[in-house]
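J.: A single structure is presented below for examination.
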Amino acid sequence: MMTPHFAQKKSLPGNKLHSIEWLLKGIFLSTVLLAMSGCSSQEKKLPPYKIIFDATSDANHSAPLKMHVILLKSPEKFMSADFFSLQDNAQNTLGDKLVNEDSFFIRPSQSIDCLSEKYSPEADYIGVIAEYNQLDDKKWRLSFPVPLPEKPAFYEFWRSSPDELHVCIKATNNGLSLVKECHLSCPVGVSENNE
């Protein structure tokens, strides 16, 4: 028969093990909750993006091509407006849907031009207008969502967001088109607009 004193000594290591197990669970749970609250309270800082324009030499019949890049809250008014309303008075035409507008020229001698933009929380879309000499049957405008970094899969915890995002737009004598896979970069010596 066991004495009560001996029974207490035998069960003591089990109690310690049980206590340590609960302590580790508590530490783990606290760490997870702390990490989750830290992620939710931080404002997401999105990287800047670069719009790279790739123009053919005959895009505007060997004349400079004026480009307008318009940051938008939504694209509906932009896509339904006529060319001359957007060209002459984008602010009145788009109203509160316009966040910012930049314009520049692409010369026939330069095939690539770049526009750097900082992420603006108000802008969800980008509108682009090309002032072709002859608009007939040309796609003179584009609208697309502001580029956002791809969220890495949960198992790719080591992968970080890029320092800069790229969007490529091709300008030809048929009009503008968005290039799905952008492998272009701004060559050294090419001035970057709006930096």
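Simple scheme: letters A, B, ... for chains in structure tokens order, numbers from 1 for residues in each chain, numbers from 1 for ligands in the order shown.
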Could you write out, as a PyMOL selection string, all the residues of range 63-186 of chain A that DSSP marks as strand (DSSP E or B)?
T.: chain A and resi 65-72+98-106+112-117+125-131+139+141-145+165-172+175-179
J.: Write a file of the selected residues as a tab-separated table (two decimals), in the first residue's frame, keeping C-alpha atoms.
T.:
chain	number	residue	atom	x	y	z
A	65	LEU	CA	1.92	61.99	-78.99
A	66	LYS	CA	0.43	63.81	-76.02
A	67	MET	CA	-0.55	61.46	-73.20
A	68	HIS	CA	-2.86	62.19	-70.26
A	69	VAL	CA	-2.74	59.95	-67.19
A	70	ILE	CA	-5.72	60.47	-64.90
A	71	LEU	CA	-6.09	58.93	-61.45
A	72	LEU	CA	-9.74	58.07	-60.84
A	98	LEU	CA	-10.88	62.76	-60.74
A	99	VAL	CA	-8.07	62.50	-58.18
A	100	ASN	CA	-5.07	63.75	-60.19
A	101	GLU	CA	-4.00	64.35	-63.79
A	102	ASP	CA	-0.60	64.37	-65.49
A	103	SER	CA	0.24	64.93	-69.13
A	104	PHE	CA	3.41	64.64	-71.20
A	105	PHE	CA	4.58	64.03	-74.77
A	106	ILE	CA	6.13	60.92	-76.27
A	112	ILE	CA	9.90	54.24	-74.06
A	113	ASP	CA	8.72	56.84	-71.58
A	114	CYS	CA	7.95	56.36	-67.91
A	115	LEU	CA	5.62	57.97	-65.41
A	116	SER	CA	6.19	57.34	-61.71
A	117	GLU	CA	3.24	57.63	-59.36
A	125	TYR	CA	-8.35	53.32	-61.30
A	126	ILE	CA	-6.04	54.86	-63.86
A	127	GLY	CA	-7.33	56.39	-67.07
A	128	VAL	CA	-5.02	57.06	-70.03
A	129	ILE	CA	-5.82	59.26	-73.04
A	130	ALA	CA	-3.68	59.57	-76.17
A	131	GLU	CA	-4.16	62.68	-78.33
A	139	LYS	CA	-8.41	53.14	-79.22
A	141	ARG	CA	-8.30	55.69	-74.07
A	142	LEU	CA	-7.73	52.95	-71.52
A	143	SER	CA	-8.91	52.40	-67.98
A	144	PHE	CA	-7.54	49.83	-65.55
A	145	PRO	CA	-7.30	49.28	-61.78
A	165	LEU	CA	5.10	47.93	-59.39
A	166	HIS	CA	5.02	48.23	-63.20
A	167	VAL	CA	2.25	48.64	-65.76
A	168	CYS	CA	3.04	48.68	-69.48
A	169	ILE	CA	1.01	50.47	-72.14
A	170	LYS	CA	1.70	50.04	-75.86
A	171	ALA	CA	0.95	52.97	-78.19
A	172	THR	CA	0.75	52.09	-81.89
A	175	GLY	CA	-4.27	52.95	-80.55
A	176	LEU	CA	-3.49	52.07	-76.96
A	177	SER	CA	-3.33	48.63	-75.40
A	178	LEU	CA	-2.46	47.32	-71.97
A	179	VAL	CA	0.41	44.82	-72.01
J.: Write out, as CSV, each residue of range 85-154 of chain A that has an atom at most 6 Å from range 54-62 of chain A, together with the closest pair of atoms and their distance in Å to one decimal, counting only C-alpha atoms, rows going by chain and rising number.
T.:
residue,atom,partner,partner_atom,distance
A:Pro108,CA,A:Ser57,CA,5.0
A:Ser111,CA,A:Ala55,CA,4.9
A:Ile112,CA,A:Asp54,CA,4.7
A:Tyr132,CA,A:Asn60,CA,5.8
J.: Could you give me, as JSON, numbers by chain, the residues within 9 Å of Lys97 in chain A, counting only C-alpha atoms and dropping anything in the same chain fewer than 3 positions from it?
T.: {"A": [71, 72, 73, 74, 75, 77, 78, 91, 94, 123]}
J.: Could you jot down the CA of Ser109 in chain A to CA of Pro48 in chain A separation for me, Å, one decimal place?
T.: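 Going from CA of Ser109 in chain A over to CA of Pro48 in chain A covers 27.5 Å.
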